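The block underneath contains the structure these notes are about, expressed in structure tokens.
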Amino acid sequence: MRIDRMISIIILLLNRETVTAHELSRRFEVSVRTIYRDIDAINLAGVPVISFQGNRGGFGIMENYKLNHQLLTLKDMCSLLTTLKGINSTLEDRELGRAIEKIRSLVPVDKTETLNNHMEHLVVDILPLGYRKKQKENIASIHKAIEETRLLSFQYRNNRGEQITRTIEPMTLIFKGYAWYLFAWCQVRKDYRFFRVSRMEDINILTGCFERKNKSYDDVFSDDTPDEEEITIKLRFSPIMKNKVDEYFEDNQITFLDNGEIEVTMSVPEDEWIYSLILSYGEHVQVIEPPHIRTIIQKKAEKILSHYKPDILMSQQDDTVSVYYNKED
């Protein structure tokens with residue numbers, strides 16, 4: 001649209017000393033003649049665009065006007081770039097990529113080093129540590145289905161380990177806590193649902209489209225963890241784990257005991273994630289409550305131990321001992 005192109009030209013001119021008609025023509029994929037008509041229209045709208053002659057000539061905006069009517073400061077552009085790059089590191093969306101390049105092009109040449117330095121001060125990476133390439137591809141597929149309002153089908157593994165085939169109308173990707181979720185209308189349940197992306201398998205974008213419903217995930221669910229029943233867990237850590245406990249848990253979840261041990265009480269969905277978290281602390285943590293979680297962790301620990309118990313077969317020959325490790329799952 002012409003109005004969009006004209007606004008983009010104004011922003012570009014506000015942040016560059018001069019821009020040639022040929023450069024604008026290539027950037028917006030229109031003829032030079034169209035660019036001249038846009039410049040005339042911008043002047044008529046009250047933005048004082050002037051023409052400079054010579055090798056470094058081109059169009060520019062009067063300096064006084066630029067100083068008083070700057071739409072985006074350098075700090076604004078740095079903040080936008082930091083956020084957009086963080087999002088696009090996961091989605092790898094072409095339109096977001098173009099938006100990043102457009103904003104970068106607005107930065108004056110003499111401020112490029114300042115921008116680069118600022119970008120090193122804060123990095124936003126919303127892809128959790130340990131995510132595999134396949135999971136990143138799944139997020140990109142889901143985002144594409146949302147953008148194109150296409151139906152999505154997949155196998156979903158609930159917190160009881162059951163595999164269910166779902167066909168849904170994808171609406172919103174949400175990064176909450178340490179995981180990605182998808183807010184959608186489920187055609188199986190005939191209701192709004194949240195799905196944890198890490199539990200979605202065999203994701204397929206279907207040919208069928210849908211009409212997006214007039215609902216936001218904020219309208220349907222509270223700020224609690226989406227669509228997952230939570231349990232209260234009490235953990236007791238050895239004193240050596242103080243730094244890790246401080247880093248991972250909130251102050252209101254932590255109690256320091258007289259003997260130096262640390263208790264953490266938290267409410268979380270019960271699934272393999274919480275089991276893995278507890279086991280990751282090894283011998284430095286024990287589950288105090290609830291009893292059934294103690295039993296689950298005990299059985300998992302015993303199964304782990306079984307992988308390392310040797311079946312020792314004594315061989316008297318040559319006074320040697322042969323050790324065969326039990327590889328049974």
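A note on labels: chains of the structure tokens are A, B, ... as shown, every chain counts residues from 1, and ligands are counted from 1 in their shown order.
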
Quick check for you: according to DSSP on this backbone, which residues of stretch 187-327 of chain A are classed as strand (DSSP E or B)? Reply as a PDB file with C-alpha atoms, in the first residue's frame.
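Once written, result_10.pdb looks like this:
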```
ATOM      1  CA  ASP A 191     -13.436 -26.641  24.031  1.00  0.00           C
ATOM      2  CA  TYR A 192     -10.404 -24.405  24.450  1.00  0.00           C
ATOM      3  CA  ARG A 193      -7.252 -26.211  25.527  1.00  0.00           C
ATOM      4  CA  PHE A 194      -3.583 -25.615  26.240  1.00  0.00           C
ATOM      5  CA  PHE A 195      -1.098 -28.122  24.837  1.00  0.00           C
ATOM      6  CA  ARG A 196       2.504 -28.407  25.932  1.00  0.00           C
ATOM      7  CA  MET A 200       3.170 -32.959  20.675  1.00  0.00           C
ATOM      8  CA  GLU A 201       4.388 -35.479  18.083  1.00  0.00           C
ATOM      9  CA  ASP A 202       3.742 -36.130  14.375  1.00  0.00           C
ATOM     10  CA  ILE A 203       2.586 -32.543  13.810  1.00  0.00           C
ATOM     11  CA  ASN A 204       0.838 -32.008  10.465  1.00  0.00           C
ATOM     12  CA  ILE A 205      -0.545 -28.811   8.970  1.00  0.00           C
ATOM     13  CA  LEU A 206      -3.832 -29.771   7.295  1.00  0.00           C
ATOM     14  CA  THR A 207      -5.281 -28.286   4.110  1.00  0.00           C
ATOM     15  CA  GLY A 208      -8.458 -27.211   5.880  1.00  0.00           C
ATOM     16  CA  CYS A 209      -8.712 -23.678   7.242  1.00  0.00           C
ATOM     17  CA  GLU A 230      -0.836 -29.038  40.086  1.00  0.00           C
ATOM     18  CA  ILE A 231       0.432 -30.776  43.203  1.00  0.00           C
ATOM     19  CA  THR A 232       2.367 -29.365  46.146  1.00  0.00           C
ATOM     20  CA  ILE A 233       5.836 -30.870  46.586  1.00  0.00           C
ATOM     21  CA  LYS A 234       8.217 -30.395  49.502  1.00  0.00           C
ATOM     22  CA  LEU A 235      11.907 -31.057  48.834  1.00  0.00           C
ATOM     23  CA  ARG A 236      14.810 -31.039  51.290  1.00  0.00           C
ATOM     24  CA  PHE A 237      18.253 -30.110  49.977  1.00  0.00           C
ATOM     25  CA  ILE A 254      12.548 -21.553  50.342  1.00  0.00           C
ATOM     26  CA  THR A 255      12.936 -22.252  54.068  1.00  0.00           C
ATOM     27  CA  PHE A 256      16.368 -22.510  55.712  1.00  0.00           C
ATOM     28  CA  ILE A 262      17.036 -26.179  52.849  1.00  0.00           C
ATOM     29  CA  GLU A 263      13.379 -26.969  52.267  1.00  0.00           C
ATOM     30  CA  VAL A 264      11.590 -25.947  49.076  1.00  0.00           C
ATOM     31  CA  THR A 265       7.801 -26.065  48.800  1.00  0.00           C
ATOM     32  CA  MET A 266       6.293 -25.502  45.361  1.00  0.00           C
ATOM     33  CA  SER A 267       3.191 -26.219  43.302  1.00  0.00           C
ATOM     34  CA  VAL A 268       3.851 -27.784  39.897  1.00  0.00           C
ATOM     35  CA  PRO A 269       2.168 -30.046  37.333  1.00  0.00           C
ATOM     36  CA  VAL A 285      17.836 -33.837  47.606  1.00  0.00           C
ATOM     37  CA  GLN A 286      15.032 -35.941  49.037  1.00  0.00           C
ATOM     38  CA  VAL A 287      11.281 -35.695  48.580  1.00  0.00           C
ATOM     39  CA  ILE A 288       9.489 -35.043  51.875  1.00  0.00           C
ATOM     40  CA  GLU A 289       5.945 -34.770  50.526  1.00  0.00           C
ATOM     41  CA  PRO A 310      27.436 -55.992  37.909  1.00  0.00           C
ATOM     42  CA  ASP A 311      26.721 -59.669  37.533  1.00  0.00           C
ATOM     43  CA  ILE A 312      30.054 -60.920  38.809  1.00  0.00           C
ATOM     44  CA  LEU A 313      31.068 -64.250  37.410  1.00  0.00           C
ATOM     45  CA  MET A 314      34.184 -65.522  39.044  1.00  0.00           C
ATOM     46  CA  SER A 315      36.572 -67.183  36.718  1.00  0.00           C
ATOM     47  CA  THR A 320      41.114 -63.436  36.870  1.00  0.00           C
ATOM     48  CA  VAL A 321      37.691 -62.033  37.564  1.00  0.00           C
ATOM     49  CA  SER A 322      35.297 -61.394  34.656  1.00  0.00           C
ATOM     50  CA  VAL A 323      32.644 -58.783  35.270  1.00  0.00           C
ATOM     51  CA  TYR A 324      29.549 -58.733  33.081  1.00  0.00           C
ATOM     52  CA  TYR A 325      27.217 -55.783  33.465  1.00  0.00           C
TER      53      TYR A 325
END
```

Quick one: pull the distance between atom CA of A:Ile146 and atom CA of A:Thr172, Å, one decimal.
->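 Atom-to-atom, atom CA of A:Ile146 to atom CA of A:Thr172, that is 7.1 Å.
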
Nearest-residue call for A:Val188, choices A:Cys78, A:Phe154, A:Ser216, A:Ile174, using only C-alpha atoms =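 Checking each candidate against A:Val188, we get A:Phe154 as the closest.
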
I'd like to know which residues of stretch 95-309 of chain A are alpha helix (DSSP H) (by DSSP, run on the backbone); could you write them as a PDB file with C-alpha atoms, in the first residue's frame?
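The result, stored in out.pdb:
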```pdb
ATOM      1  CA  GLU A  95       8.684 -11.322   7.896  1.00  0.00           C
ATOM      2  CA  LEU A  96      10.306 -10.867  11.296  1.00  0.00           C
ATOM      3  CA  GLY A  97      13.692 -11.142   9.587  1.00  0.00           C
ATOM      4  CA  ARG A  98      12.746  -8.399   7.162  1.00  0.00           C
ATOM      5  CA  ALA A  99      11.475  -6.230  10.018  1.00  0.00           C
ATOM      6  CA  ILE A 100      14.820  -6.645  11.792  1.00  0.00           C
ATOM      7  CA  GLU A 101      16.711  -5.622   8.667  1.00  0.00           C
ATOM      8  CA  LYS A 102      14.443  -2.611   8.161  1.00  0.00           C
ATOM      9  CA  ILE A 103      15.025  -1.385  11.705  1.00  0.00           C
ATOM     10  CA  ARG A 104      18.769  -1.945  11.348  1.00  0.00           C
ATOM     11  CA  SER A 105      18.748   0.144   8.184  1.00  0.00           C
ATOM     12  CA  LEU A 106      17.261   3.046  10.135  1.00  0.00           C
ATOM     13  CA  THR A 112      26.266   1.366  14.131  1.00  0.00           C
ATOM     14  CA  GLU A 113      29.029   0.576  16.640  1.00  0.00           C
ATOM     15  CA  THR A 114      26.875   1.878  19.494  1.00  0.00           C
ATOM     16  CA  LEU A 115      24.046  -0.398  18.337  1.00  0.00           C
ATOM     17  CA  ASN A 116      26.338  -3.444  18.123  1.00  0.00           C
ATOM     18  CA  ASN A 117      27.677  -2.793  21.622  1.00  0.00           C
ATOM     19  CA  HIS A 118      24.164  -2.405  23.011  1.00  0.00           C
ATOM     20  CA  MET A 119      23.099  -5.700  21.422  1.00  0.00           C
ATOM     21  CA  GLU A 120      25.818  -7.432  23.462  1.00  0.00           C
ATOM     22  CA  HIS A 121      24.431  -6.037  26.726  1.00  0.00           C
ATOM     23  CA  LYS A 133      16.192 -29.297  16.385  1.00  0.00           C
ATOM     24  CA  LYS A 134      12.932 -31.221  15.904  1.00  0.00           C
ATOM     25  CA  GLN A 135      11.244 -29.271  18.692  1.00  0.00           C
ATOM     26  CA  LYS A 136      12.329 -26.005  17.100  1.00  0.00           C
ATOM     27  CA  GLU A 137      10.877 -27.179  13.777  1.00  0.00           C
ATOM     28  CA  ASN A 138       7.625 -28.068  15.547  1.00  0.00           C
ATOM     29  CA  ILE A 139       7.332 -24.554  16.958  1.00  0.00           C
ATOM     30  CA  ALA A 140       7.918 -23.087  13.488  1.00  0.00           C
ATOM     31  CA  SER A 141       5.220 -25.380  12.012  1.00  0.00           C
ATOM     32  CA  ILE A 142       2.735 -24.391  14.701  1.00  0.00           C
ATOM     33  CA  HIS A 143       3.454 -20.715  14.113  1.00  0.00           C
ATOM     34  CA  LYS A 144       2.901 -21.184  10.375  1.00  0.00           C
ATOM     35  CA  ALA A 145      -0.449 -22.878  10.998  1.00  0.00           C
ATOM     36  CA  ILE A 146      -1.503 -19.995  13.262  1.00  0.00           C
ATOM     37  CA  GLU A 147      -0.487 -17.387  10.659  1.00  0.00           C
ATOM     38  CA  TYR A 217      -6.079 -17.142  26.095  1.00  0.00           C
ATOM     39  CA  ASP A 218      -6.279 -14.469  28.843  1.00  0.00           C
ATOM     40  CA  ASP A 219     -10.069 -14.592  28.573  1.00  0.00           C
ATOM     41  CA  VAL A 220     -10.198 -18.343  29.070  1.00  0.00           C
ATOM     42  CA  LYS A 242      22.354 -23.484  48.514  1.00  0.00           C
ATOM     43  CA  ASN A 243      23.591 -21.646  45.417  1.00  0.00           C
ATOM     44  CA  LYS A 244      21.560 -23.809  43.042  1.00  0.00           C
ATOM     45  CA  VAL A 245      18.448 -23.477  45.183  1.00  0.00           C
ATOM     46  CA  ASP A 246      18.833 -19.683  45.266  1.00  0.00           C
ATOM     47  CA  GLU A 247      19.211 -19.591  41.478  1.00  0.00           C
ATOM     48  CA  TYR A 248      16.266 -21.802  40.612  1.00  0.00           C
ATOM     49  CA  GLU A 272       8.097 -36.475  33.848  1.00  0.00           C
ATOM     50  CA  TRP A 273       9.551 -32.966  33.926  1.00  0.00           C
ATOM     51  CA  ILE A 274       9.292 -32.679  37.713  1.00  0.00           C
ATOM     52  CA  TYR A 275      10.617 -36.228  38.181  1.00  0.00           C
ATOM     53  CA  SER A 276      13.630 -35.373  36.008  1.00  0.00           C
ATOM     54  CA  LEU A 277      14.195 -32.137  37.915  1.00  0.00           C
ATOM     55  CA  ILE A 278      14.285 -33.941  41.250  1.00  0.00           C
ATOM     56  CA  LEU A 279      16.589 -36.677  39.941  1.00  0.00           C
ATOM     57  CA  SER A 280      18.941 -34.056  38.460  1.00  0.00           C
ATOM     58  CA  PRO A 291       4.400 -39.863  49.700  1.00  0.00           C
ATOM     59  CA  HIS A 292       3.531 -41.071  46.208  1.00  0.00           C
ATOM     60  CA  ILE A 293       6.217 -38.820  44.682  1.00  0.00           C
ATOM     61  CA  ARG A 294       8.747 -40.307  47.140  1.00  0.00           C
ATOM     62  CA  THR A 295       7.751 -43.754  45.893  1.00  0.00           C
ATOM     63  CA  ILE A 296       8.048 -42.755  42.219  1.00  0.00           C
ATOM     64  CA  ILE A 297      11.518 -41.234  42.718  1.00  0.00           C
ATOM     65  CA  GLN A 298      12.620 -44.288  44.736  1.00  0.00           C
ATOM     66  CA  LYS A 299      11.541 -46.678  41.965  1.00  0.00           C
ATOM     67  CA  LYS A 300      13.240 -44.580  39.299  1.00  0.00           C
ATOM     68  CA  ALA A 301      16.432 -44.455  41.359  1.00  0.00           C
ATOM     69  CA  GLU A 302      16.339 -48.237  41.847  1.00  0.00           C
ATOM     70  CA  LYS A 303      15.888 -48.750  38.107  1.00  0.00           C
ATOM     71  CA  ILE A 304      18.853 -46.460  37.421  1.00  0.00           C
ATOM     72  CA  LEU A 305      20.923 -48.420  39.945  1.00  0.00           C
ATOM     73  CA  SER A 306      19.973 -51.697  38.261  1.00  0.00           C
TER      74      SER A 306
END
```

Nearest residue to A:Phe175 from the set A:Ser8, A:Gln253, A:Ser198, A:Asn158 (distances using only C-alpha atoms) = A:Ser198

Skip stretch 13-21 of chain A itself and residues of its chain fewer than 4 positions away, then list as an MDAnalysis selection string all residues within 12 Å of it, counting only C-alpha atoms.
-> chainID A and resid 6:9 25:39 42 47:74 77 102:112

May I have the selected residues written with C-alpha atoms, as a compact mmCIF listing (two decimals), in the first residue's frame?
```txt
# COMPACT_ATOMS: atom_id res chain seq x y z
CA MET A 6 5.36 6.56 2.48
CA ILE A 7 5.51 6.03 6.25
CA SER A 8 8.49 3.70 5.76
CA ILE A 9 10.21 6.33 3.59
CA SER A 25 13.20 2.20 -5.61
CA ARG A 26 15.10 -1.06 -5.00
CA ARG A 27 14.04 -1.29 -1.35
CA PHE A 28 10.31 -0.88 -2.05
CA GLU A 29 10.34 -2.58 -5.45
CA VAL A 30 8.72 0.32 -7.30
CA SER A 31 9.90 2.61 -10.09
CA VAL A 32 12.01 5.72 -9.50
CA ARG A 33 9.14 7.77 -10.88
CA THR A 34 6.85 6.35 -8.16
CA ILE A 35 9.41 7.32 -5.52
CA TYR A 36 9.44 10.91 -6.79
CA ARG A 37 5.64 11.02 -6.58
CA ASP A 38 5.82 9.68 -3.00
CA ILE A 39 8.36 12.36 -2.05
CA ILE A 42 5.30 13.58 1.74
CA VAL A 47 7.33 16.76 6.15
CA PRO A 48 10.15 18.91 4.68
CA VAL A 49 12.06 16.57 2.33
CA ILE A 50 14.88 18.29 0.47
CA SER A 51 17.06 17.12 -2.42
CA PHE A 52 20.88 17.13 -2.25
CA GLN A 53 23.03 17.14 -5.38
CA GLY A 54 26.39 15.50 -6.05
CA ASN A 55 27.97 12.09 -5.46
CA ARG A 56 26.58 11.86 -1.93
CA GLY A 57 23.32 13.42 -2.88
CA GLY A 58 19.80 12.12 -2.47
CA PHE A 59 16.77 12.92 -0.40
CA GLY A 60 16.90 14.00 3.22
CA ILE A 61 14.80 15.75 5.84
CA MET A 62 15.71 19.17 7.21
CA GLU A 63 17.97 18.74 10.23
CA ASN A 64 15.88 20.86 12.62
CA TYR A 65 12.81 18.81 11.77
CA LYS A 66 14.70 15.58 12.40
CA LEU A 67 15.87 16.75 15.81
CA ASN A 68 12.39 17.73 16.93
CA HIS A 69 10.35 14.94 15.38
CA GLN A 70 12.42 11.79 15.76
CA LEU A 71 9.99 8.86 15.74
CA LEU A 72 12.41 6.24 17.08
CA THR A 73 15.43 6.94 19.22
CA LEU A 74 18.53 4.77 19.03
CA MET A 77 15.59 0.68 18.00
CA LYS A 102 14.44 -2.61 8.16
CA ILE A 103 15.03 -1.38 11.70
CA ARG A 104 18.77 -1.95 11.35
CA SER A 105 18.75 0.14 8.18
CA LEU A 106 17.26 3.05 10.14
CA VAL A 107 20.32 3.29 12.37
CA PRO A 108 22.66 6.11 11.26
CA VAL A 109 26.03 4.87 10.04
CA ASP A 110 27.87 6.70 12.82
CA LYS A 111 25.72 4.90 15.43
CA THR A 112 26.27 1.37 14.13
```

Would you mind listing what lies within 10 Å of A:Arg166 as number ranges by chain, with only C-alpha atoms counted and same-chain residues fewer than 2 positions away left out?
-> A: 152-156, 163-164, 168, 186-189, 200, 203

Find, counting only C-alpha atoms, the residue in A:Lys215, A:Arg157, A:Thr165, A:Lys309 that gets nearest to A:Ala184.
->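 Answer, going by the shortest atom-to-atom distance: A:Lys215.
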